[in-house]
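The structure file run_26.tsv is reproduced below (TSV, C-alpha atoms).
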chain	number	residue	atom	x	y	z
Q	1	TYR	CA	-44.87	-83.87	318.44
Q	2	ASN	CA	-44.81	-80.75	316.23
Q	3	GLU	CA	-45.01	-78.47	319.26
Q	4	GLU	CA	-42.27	-80.42	321.03
Q	5	LEU	CA	-40.05	-80.25	317.95
Q	6	GLU	CA	-40.58	-76.49	317.50
Q	7	SER	CA	-39.77	-75.78	321.15
Q	8	ASN	CA	-36.55	-77.84	321.10
Q	9	LYS	CA	-35.03	-77.52	317.62
Q	10	ASP	CA	-33.17	-74.25	318.44
Q	11	THR	CA	-31.85	-75.49	321.80
Q	12	ASP	CA	-28.97	-77.76	322.78
Q	13	VAL	CA	-31.27	-80.74	323.30
Q	14	ASN	CA	-29.99	-84.23	322.42
Q	15	PRO	CA	-29.94	-84.49	318.58
Q	16	GLU	CA	-31.11	-88.10	318.84
Q	17	TYR	CA	-34.25	-86.85	320.57
Q	18	ILE	CA	-34.87	-84.40	317.69
Q	19	SER	CA	-34.48	-87.25	315.23
Q	20	TYR	CA	-36.93	-89.32	317.30
Q	21	LEU	CA	-39.51	-86.51	317.18
Q	22	GLN	CA	-39.13	-86.16	313.40
Q	23	ASP	CA	-39.64	-89.91	312.95
Q	24	ALA	CA	-42.67	-89.80	315.23
Q	25	ILE	CA	-44.21	-86.98	313.18
Q	26	GLU	CA	-43.69	-88.95	309.96
Q	27	ASN	CA	-45.25	-92.05	311.55
Q	28	SER	CA	-48.23	-89.96	312.70
Q	29	ARG	CA	-48.77	-88.77	309.15
Q	30	GLU	CA	-48.82	-92.36	307.95
Q	31	GLN	CA	-51.35	-93.22	310.66
Q	32	ILE	CA	-53.54	-90.29	309.56
Q	33	LYS	CA	-53.53	-91.69	306.03
Q	34	ASN	CA	-54.55	-95.06	307.42
Q	35	TYR	CA	-57.44	-93.58	309.41
Q	36	GLU	CA	-58.57	-91.58	306.37
Q	37	TYR	CA	-58.64	-94.82	304.40
Q	38	ILE	CA	-60.76	-96.45	307.12
Q	39	ILE	CA	-63.18	-93.47	307.18
Q	40	LYS	CA	-63.53	-93.59	303.40
Q	41	ASN	CA	-63.74	-97.37	302.89
Q	42	GLY	CA	-64.94	-98.63	306.26
Q	43	LEU	CA	-63.24	-100.93	308.75
Q	44	ASP	CA	-62.60	-104.12	306.81
Q	45	GLU	CA	-60.48	-107.16	307.50
Q	46	GLU	CA	-57.45	-105.65	305.76
Q	47	ALA	CA	-57.41	-102.40	307.78
Q	48	TRP	CA	-55.43	-103.79	310.73
Q	49	LYS	CA	-52.97	-105.45	308.33
Q	50	ILE	CA	-52.32	-102.11	306.65
Q	51	LYS	CA	-51.67	-100.47	310.00
Q	52	LEU	CA	-49.44	-103.37	311.09
Q	53	ASP	CA	-47.39	-103.04	307.89
Q	54	GLN	CA	-46.94	-99.35	308.67
Q	55	MET	CA	-45.77	-100.17	312.19
Q	56	ILE	CA	-43.26	-102.66	310.74
Q	57	GLU	CA	-41.89	-100.07	308.32
Q	58	TYR	CA	-41.70	-97.46	311.10
Q	59	SER	CA	-39.67	-99.83	313.31
Q	60	LYS	CA	-37.34	-100.67	310.42
Q	61	GLN	CA	-36.72	-96.97	309.78
Q	62	ASN	CA	-35.98	-96.34	313.45
Q	63	ILE	CA	-33.58	-99.27	313.62
Q	64	GLU	CA	-31.78	-98.01	310.52
Q	65	ASN	CA	-31.61	-94.46	311.92
Q	66	TYR	CA	-30.33	-95.37	315.39
Q	67	LYS	CA	-28.03	-98.34	314.74
Q	68	ASN	CA	-24.96	-96.09	314.32
Q	69	TYR	CA	-25.50	-93.99	317.47
Q	70	ASP	CA	-23.31	-94.92	320.43
Q	71	ASP	CA	-24.98	-93.12	323.34
Q	72	GLU	CA	-26.86	-95.06	325.99
Q	73	TRP	CA	-30.30	-93.58	325.23
Q	74	SER	CA	-30.06	-94.56	321.55
Q	75	LYS	CA	-28.91	-98.07	322.44
Q	76	ARG	CA	-31.94	-98.59	324.68
Q	77	TYR	CA	-34.31	-97.16	322.11
Q	78	LEU	CA	-32.76	-99.37	319.40
Q	79	MET	CA	-33.15	-102.44	321.61
Q	80	GLN	CA	-36.82	-101.59	322.21
Q	81	GLU	CA	-37.48	-101.11	318.48
Q	82	GLN	CA	-35.80	-104.44	317.66
Q	83	ASP	CA	-38.12	-106.17	320.14
Q	84	ASN	CA	-41.11	-104.33	318.63
Q	85	LEU	CA	-40.14	-105.37	315.12
Q	86	GLU	CA	-39.88	-109.02	316.17
Q	87	ILE	CA	-43.34	-108.86	317.73
Q	88	TYR	CA	-44.85	-107.14	314.66
Q	89	ASN	CA	-43.33	-109.72	312.30
Q	90	TYR	CA	-44.65	-112.52	314.51
Q	91	LEU	CA	-48.15	-111.03	314.31
Q	92	ARG	CA	-47.92	-110.63	310.53
Q	93	ASP	CA	-46.52	-114.11	309.92
Q	94	ASN	CA	-49.20	-115.75	312.08
Q	95	ASN	CA	-52.07	-113.53	310.85
Q	96	ILE	CA	-52.86	-112.27	314.38
Q	97	GLU	CA	-54.61	-108.94	314.81
Q	98	PRO	CA	-52.66	-106.86	317.36
Q	99	LEU	CA	-54.13	-105.68	320.64
Q	100	TYR	CA	-53.19	-102.32	322.14
Q	101	GLY	CA	-53.79	-102.85	325.87
Q	102	TRP	CA	-57.15	-101.13	326.33
Q	103	GLU	CA	-59.27	-104.08	325.18
Q	104	TYR	CA	-61.28	-105.99	327.79
Q	105	GLU	CA	-59.98	-109.53	327.79
Q	106	ALA	CA	-58.78	-112.13	330.29
Q	107	TYR	CA	-55.05	-111.36	330.08
Q	108	ASN	CA	-55.37	-107.65	330.91
Q	109	TYR	CA	-57.86	-108.36	333.68
Q	110	MET	CA	-55.73	-111.08	335.29
Q	111	THR	CA	-52.43	-109.17	335.20
Q	112	SER	CA	-54.14	-106.23	336.93
Q	113	LEU	CA	-55.76	-108.54	339.48
Q	114	MET	CA	-52.50	-110.34	340.26
Q	115	GLN	CA	-50.65	-107.04	340.70
Q	116	PHE	CA	-53.39	-105.87	343.07
Q	117	LEU	CA	-53.21	-109.09	345.08
Q	118	GLY	CA	-49.42	-108.99	345.25
Q	119	ALA	CA	-49.37	-105.37	346.43
Q	120	GLY	CA	-50.02	-106.41	350.04
Q	121	LEU	CA	-53.48	-107.94	350.15
Q	122	LEU	CA	-52.13	-111.49	349.97
Q	123	VAL	CA	-49.42	-110.81	352.54
Q	124	CYS	CA	-51.79	-109.24	355.08
Q	125	GLY	CA	-54.61	-111.73	354.52
Q	126	ILE	CA	-52.40	-114.82	354.74
Q	127	ALA	CA	-50.54	-113.46	357.77
Q	128	VAL	CA	-53.80	-112.99	359.70
Q	129	PHE	CA	-55.16	-116.34	358.52
Q	130	MET	CA	-51.97	-118.27	359.38
Q	131	SER	CA	-51.49	-116.70	362.80
Q	132	ASP	CA	-55.08	-117.47	363.76
Q	133	ILE	CA	-54.67	-121.11	362.72
Q	134	VAL	CA	-52.18	-121.58	365.58
Q	135	SER	CA	-53.12	-118.94	368.16
Q	136	GLY	CA	-56.82	-119.66	367.70
Q	137	GLU	CA	-56.25	-123.19	369.00
Q	138	CYS	CA	-55.50	-121.76	372.45
Q	139	THR	CA	-58.99	-120.36	373.09
Q	140	PRO	CA	-60.77	-123.68	372.77
Q	141	PRO	CA	-58.09	-125.83	374.42
Q	142	THR	CA	-57.66	-128.14	371.42
Q	143	LEU	CA	-53.95	-127.30	371.27
Q	144	LYS	CA	-53.44	-129.02	374.63
Q	145	PHE	CA	-54.96	-132.22	373.27
Q	146	LEU	CA	-52.72	-132.01	370.19
Q	147	LEU	CA	-49.60	-131.56	372.31
Q	148	VAL	CA	-50.27	-134.61	374.48
Q	149	GLN	CA	-50.39	-136.83	371.38
Q	150	PRO	CA	-47.30	-138.94	370.58
Q	151	ILE	CA	-46.18	-136.52	367.83
Q	152	SER	CA	-43.67	-133.69	367.89
Q	153	ARG	CA	-44.62	-130.03	367.97
Q	154	GLY	CA	-42.87	-129.62	364.61
Q	155	LYS	CA	-45.22	-132.14	362.99
Q	156	VAL	CA	-48.25	-130.30	364.39
Q	157	ILE	CA	-47.07	-127.00	362.93
Q	158	LEU	CA	-45.98	-128.63	359.64
Q	159	SER	CA	-49.38	-130.28	359.18
Q	160	LYS	CA	-51.08	-126.92	359.72
Q	161	PHE	CA	-48.70	-125.25	357.25
Q	162	ILE	CA	-49.41	-127.84	354.56
Q	163	ALA	CA	-53.16	-127.60	355.12
Q	164	VAL	CA	-53.14	-123.81	354.89
Q	165	VAL	CA	-50.96	-123.77	351.75
Q	166	ILE	CA	-53.29	-126.22	349.99
Q	167	THR	CA	-56.36	-124.25	351.11
Q	168	VAL	CA	-55.05	-120.81	350.08
Q	169	VAL	CA	-53.60	-121.98	346.74
Q	170	THR	CA	-56.86	-123.76	345.90
Q	171	MET	CA	-59.01	-120.77	346.85
Q	172	ILE	CA	-56.96	-118.08	345.09
Q	173	GLY	CA	-55.68	-120.13	342.14
Q	174	GLY	CA	-59.05	-121.76	341.57
Q	175	LEU	CA	-60.87	-118.42	341.64
Q	176	GLU	CA	-58.39	-116.86	339.19
Q	177	ALA	CA	-58.65	-119.86	336.85
Q	178	LEU	CA	-62.45	-119.53	336.86
Q	179	VAL	CA	-62.17	-115.79	336.12
Q	180	VAL	CA	-59.85	-116.43	333.16
Q	181	ALA	CA	-62.13	-119.15	331.79
Q	182	GLY	CA	-65.27	-117.03	332.30
Q	183	ILE	CA	-63.94	-113.87	330.65
Q	184	SER	CA	-62.34	-115.83	327.80
Q	185	ALA	CA	-65.66	-117.59	327.16
Q	186	PHE	CA	-67.20	-114.18	326.36
Q	187	THR	CA	-64.26	-112.35	324.76
Q	188	GLY	CA	-62.52	-115.28	323.09
Q	189	PHE	CA	-59.19	-117.00	323.63
Q	190	ASP	CA	-57.28	-115.29	320.80
Q	191	ALA	CA	-55.79	-112.61	323.10
Q	192	GLY	CA	-53.64	-115.30	324.71
Q	193	LYS	CA	-51.92	-115.93	321.37
Q	194	MET	CA	-50.44	-112.42	321.34
Q	195	PRO	CA	-46.61	-112.48	321.49
Q	196	GLN	CA	-45.02	-111.58	324.81
Q	197	TYR	CA	-41.40	-111.45	325.91
Q	198	ILE	CA	-40.61	-113.53	329.00
Q	199	GLY	CA	-37.42	-114.09	330.97
Q	200	LYS	CA	-35.86	-110.67	330.35
Q	201	ALA	CA	-32.92	-109.79	332.59
Q	202	PHE	CA	-32.09	-106.35	333.99
Q	203	LYS	CA	-29.02	-104.76	335.58
Q	204	TRP	CA	-28.06	-101.49	337.24
Q	205	ASP	CA	-26.54	-98.98	334.82
Q	206	TYR	CA	-24.10	-96.56	336.50
Q	207	THR	CA	-23.12	-94.74	333.28
Q	208	ASN	CA	-24.81	-91.40	334.12
Q	209	ALA	CA	-25.57	-92.03	337.77
Q	210	ALA	CA	-24.49	-88.53	338.85
Q	211	GLU	CA	-26.69	-86.79	336.26
Q	212	ASN	CA	-29.72	-89.06	336.87
Q	213	GLY	CA	-29.49	-88.96	340.66
Q	214	GLY	CA	-28.53	-92.62	340.86
Q	215	PRO	CA	-28.15	-95.76	338.76
Q	216	GLN	CA	-30.86	-96.68	336.25
Q	217	LEU	CA	-32.35	-100.14	335.77
Q	218	ALA	CA	-31.43	-101.22	332.24
Q	219	GLU	CA	-32.42	-104.23	330.20
Q	220	VAL	CA	-29.69	-106.74	329.34
Q	221	ALA	CA	-29.30	-106.94	325.56
Q	222	GLY	CA	-30.33	-110.26	324.05
Q	223	SER	CA	-32.09	-111.52	327.18
Q	224	GLY	CA	-35.58	-113.00	327.14
Q	225	VAL	CA	-37.42	-115.09	324.58
Q	226	LEU	CA	-40.51	-114.33	322.52
Q	227	SER	CA	-43.39	-116.43	323.80
Q	228	THR	CA	-47.16	-115.92	324.12
Q	229	ARG	CA	-49.40	-114.25	326.66
Q	230	TRP	CA	-50.81	-117.60	327.75
Q	231	MET	CA	-47.32	-118.84	328.64
Q	232	TYR	CA	-46.59	-115.55	330.41
Q	233	LEU	CA	-49.79	-115.89	332.43
Q	234	LEU	CA	-49.01	-119.53	333.26
Q	235	GLU	CA	-45.56	-118.60	334.57
Q	236	SER	CA	-47.14	-115.76	336.56
Q	237	PHE	CA	-49.49	-118.27	338.20
Q	238	GLY	CA	-46.50	-120.42	339.13
Q	239	LEU	CA	-44.63	-117.48	340.66
Q	240	GLN	CA	-47.76	-116.43	342.53
Q	241	ILE	CA	-48.02	-119.91	344.07
Q	242	LEU	CA	-44.40	-119.63	345.25
Q	243	PHE	CA	-45.23	-116.19	346.67
Q	244	ILE	CA	-48.21	-117.64	348.54
Q	245	ILE	CA	-46.06	-120.41	350.01
Q	246	ALA	CA	-43.48	-117.82	351.13
Q	247	CYS	CA	-46.25	-115.74	352.75
Q	248	CYS	CA	-47.55	-118.81	354.58
In structure tokens, how does this file's structure come out?
Amino acid sequence: YNEELESNKDTDVNPEYISYLQDAIENSREQIKNYEYIIKNGLDEEAWKIKLDQMIEYSKQNIENYKNYDDEWSKRYLMQEQDNLEIYNYLRDNNIEPLYGWEYEAYNYMTSLMQFLGAGLLVCGIAVFMSDIVSGECTPPTLKFLLVQPISRGKVILSKFIAVVITVVTMIGGLEALVVAGISAFTGFDAGKMPQYIGKAFKWDYTNAAENGGPQLAEVAGSGVLSTRWMYLLESFGLQILFIIACC
């Protein structure tokens, strides 16, 4: 931050960015004091509370510094800090030790796994599986026996669709549920209590489209509610099931 500030303070860079760097340097100094306290006194139960209090004060300072700026960058940064402050206060009020994203626990593992599955593996796997369910009937001539039954072709296909949906949802959802339960049994279930925003809305911002090479995706102010990671993961499971049905 010091190097960045020194290289930009004599240029025509956005003054809000300079102010952000100065605040970041001050916050870093506070963090250094916190780490020095931990080195001197050891990592006790109060250490994370001290650091959390510093994060709360840092967010309050940023909100106070940026609330009067009218440019788009400052508005977005202010919105982010307001969300951060709400999360920090939630953690403090409920006596929850914050996690920083690098810890090994069920939530981090499952979000990564679900992103990996949704990146194309589910689509390709289900497409091959579904197509073989119908076309594979033609090699052993069981399809002919199905078609001579007093039922419509639509009912034959629908029954196969329902069977495949139930099979795939049970296999994938059941495996993921077992993974969550297994990892949580070793690492604990407290990570799921961490606050998490859900239901945030976004829109295209055309304010500086020419300078940025196109519109930017911006968060809608006031959208979303503060929930927990467990609720976020539960909703993700529900959306994944809908995605599986669409793939089928």
So which residues touch Glu219 in chain Q within 9 Å, counting all atoms listed in the file, skipping near sequence neighbours fewer than 5 positions away, as a compact mmCIF listing (two decimals) with C-alpha atoms, keeping the file's coordinate frame?
# COMPACT_ATOMS: atom_id res chain seq x y z
CA ARG Q 76 -31.94 -98.59 324.68
CA MET Q 79 -33.15 -102.44 321.61
CA LYS Q 200 -35.86 -110.67 330.35
CA ALA Q 201 -32.92 -109.79 332.59
CA PHE Q 202 -32.09 -106.35 333.99
CA LYS Q 203 -29.02 -104.76 335.58
CA TRP Q 204 -28.06 -101.49 337.24
Show me the residues around (-30.7, -94.8, 312.0) - criterion: an atom at most 12 Å away, all atoms listed in the file counted - as a PyMOL selection string.
chain Q and resi 16+19-20+23+58-70+74-75+77-78+81
From CA of Ala106 in chain Q to CA of Gly188 in chain Q the spacing works out at 8.7 Å
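Across the model, the gap from CA of Thr170 in chain Q to CA of Ala127 in chain Q is 16.9 Å.
Surrounding residues of (-44.3, -110.1, 317.2) at most 6 Å away are Glu86, Ile87, Tyr88, Asn89, Tyr90, Leu91 and Pro195 of chain Q (based on all atoms listed in the file).
Here CA of Ala47 in chain Q stands at a distance of 13.2 Å from CA of Glu30 in chain Q.
Residue nearest Lys193 in chain Q within the list Q:Asp93, Q:Met171, Q:Pro98, Q:Trp230: Q:Trp230 [criterion: smallest interatomic distance, all atoms listed in the file].
The nearest approach to Ile18 in chain Q among the residues Q:Gln149, Q:Thr111, Q:Gln240, Q:Asn2, with all atoms listed in the file taken into account, belongs to Q:Asn2.
Considering only C-alpha atoms, the residue among Q:Val164, Q:Met194, Q:Leu52, Q:Leu122 positioned nearest to Ser227 in chain Q is Q:Met194.
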Min atom-atom distance to Asn94 in chain Q from the set Q:Leu113, Q:Tyr35, Q:Asp190, Q:Pro150, counting only C-alpha atoms, belongs to Q:Asp190
Extract, using all atoms listed in the file, all DNA, RNA and protein residues at most 10 Å from Ala185 in chain Q, discarding same-chain residues fewer than 4 positions from it, and format them as JSON, numbers by chain.
{"Q": [105, 106, 179, 180, 181, 189]}
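Using all atoms listed in the file for every distance, the candidate list Q:Tyr197, Q:Ala24, Q:Leu121, Q:Leu242 yields Q:Tyr197 as the residue closest to Ser223 in chain Q.
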Compile the contact shell of Ile245 in chain Q as a PDB file with C-alpha atoms, in the frame of the given file: residues with an atom at most 10 Å away, counting all atoms listed in the file, same-chain residues fewer than 3 positions apart removed.
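To be explicit, this is the file written out as out10.pdb:
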ATOM      1  CA  ILE Q 126     -52.400-114.820 354.740  1.00  0.00           C
ATOM      2  CA  PHE Q 161     -48.700-125.250 357.250  1.00  0.00           C
ATOM      3  CA  ILE Q 162     -49.410-127.840 354.560  1.00  0.00           C
ATOM      4  CA  VAL Q 164     -53.140-123.810 354.890  1.00  0.00           C
ATOM      5  CA  VAL Q 165     -50.960-123.770 351.750  1.00  0.00           C
ATOM      6  CA  ILE Q 166     -53.290-126.220 349.990  1.00  0.00           C
ATOM      7  CA  VAL Q 168     -55.050-120.810 350.080  1.00  0.00           C
ATOM      8  CA  VAL Q 169     -53.600-121.980 346.740  1.00  0.00           C
ATOM      9  CA  LEU Q 239     -44.630-117.480 340.660  1.00  0.00           C
ATOM     10  CA  GLN Q 240     -47.760-116.430 342.530  1.00  0.00           C
ATOM     11  CA  ILE Q 241     -48.020-119.910 344.070  1.00  0.00           C
ATOM     12  CA  LEU Q 242     -44.400-119.630 345.250  1.00  0.00           C
ATOM     13  CA  CYS Q 248     -47.550-118.810 354.580  1.00  0.00           C
TER      14      CYS Q 248
END
Across Q:Cys247, Q:Leu146, Q:Ile32, Q:Leu226, the smallest distance to Val123 in chain Q, with all atoms listed in the file counted, is shown by Q:Cys247
- prompt: Which polymer residues have any atom within 12 Å of an atom of Leu143 in chain Q, counting all atoms listed in the file, with same-chain residues fewer than 5 positions away left out, as an NGL selection string?
  reply: :Q and (133-138 or 148-149 or 153 or 156-157 or 160)
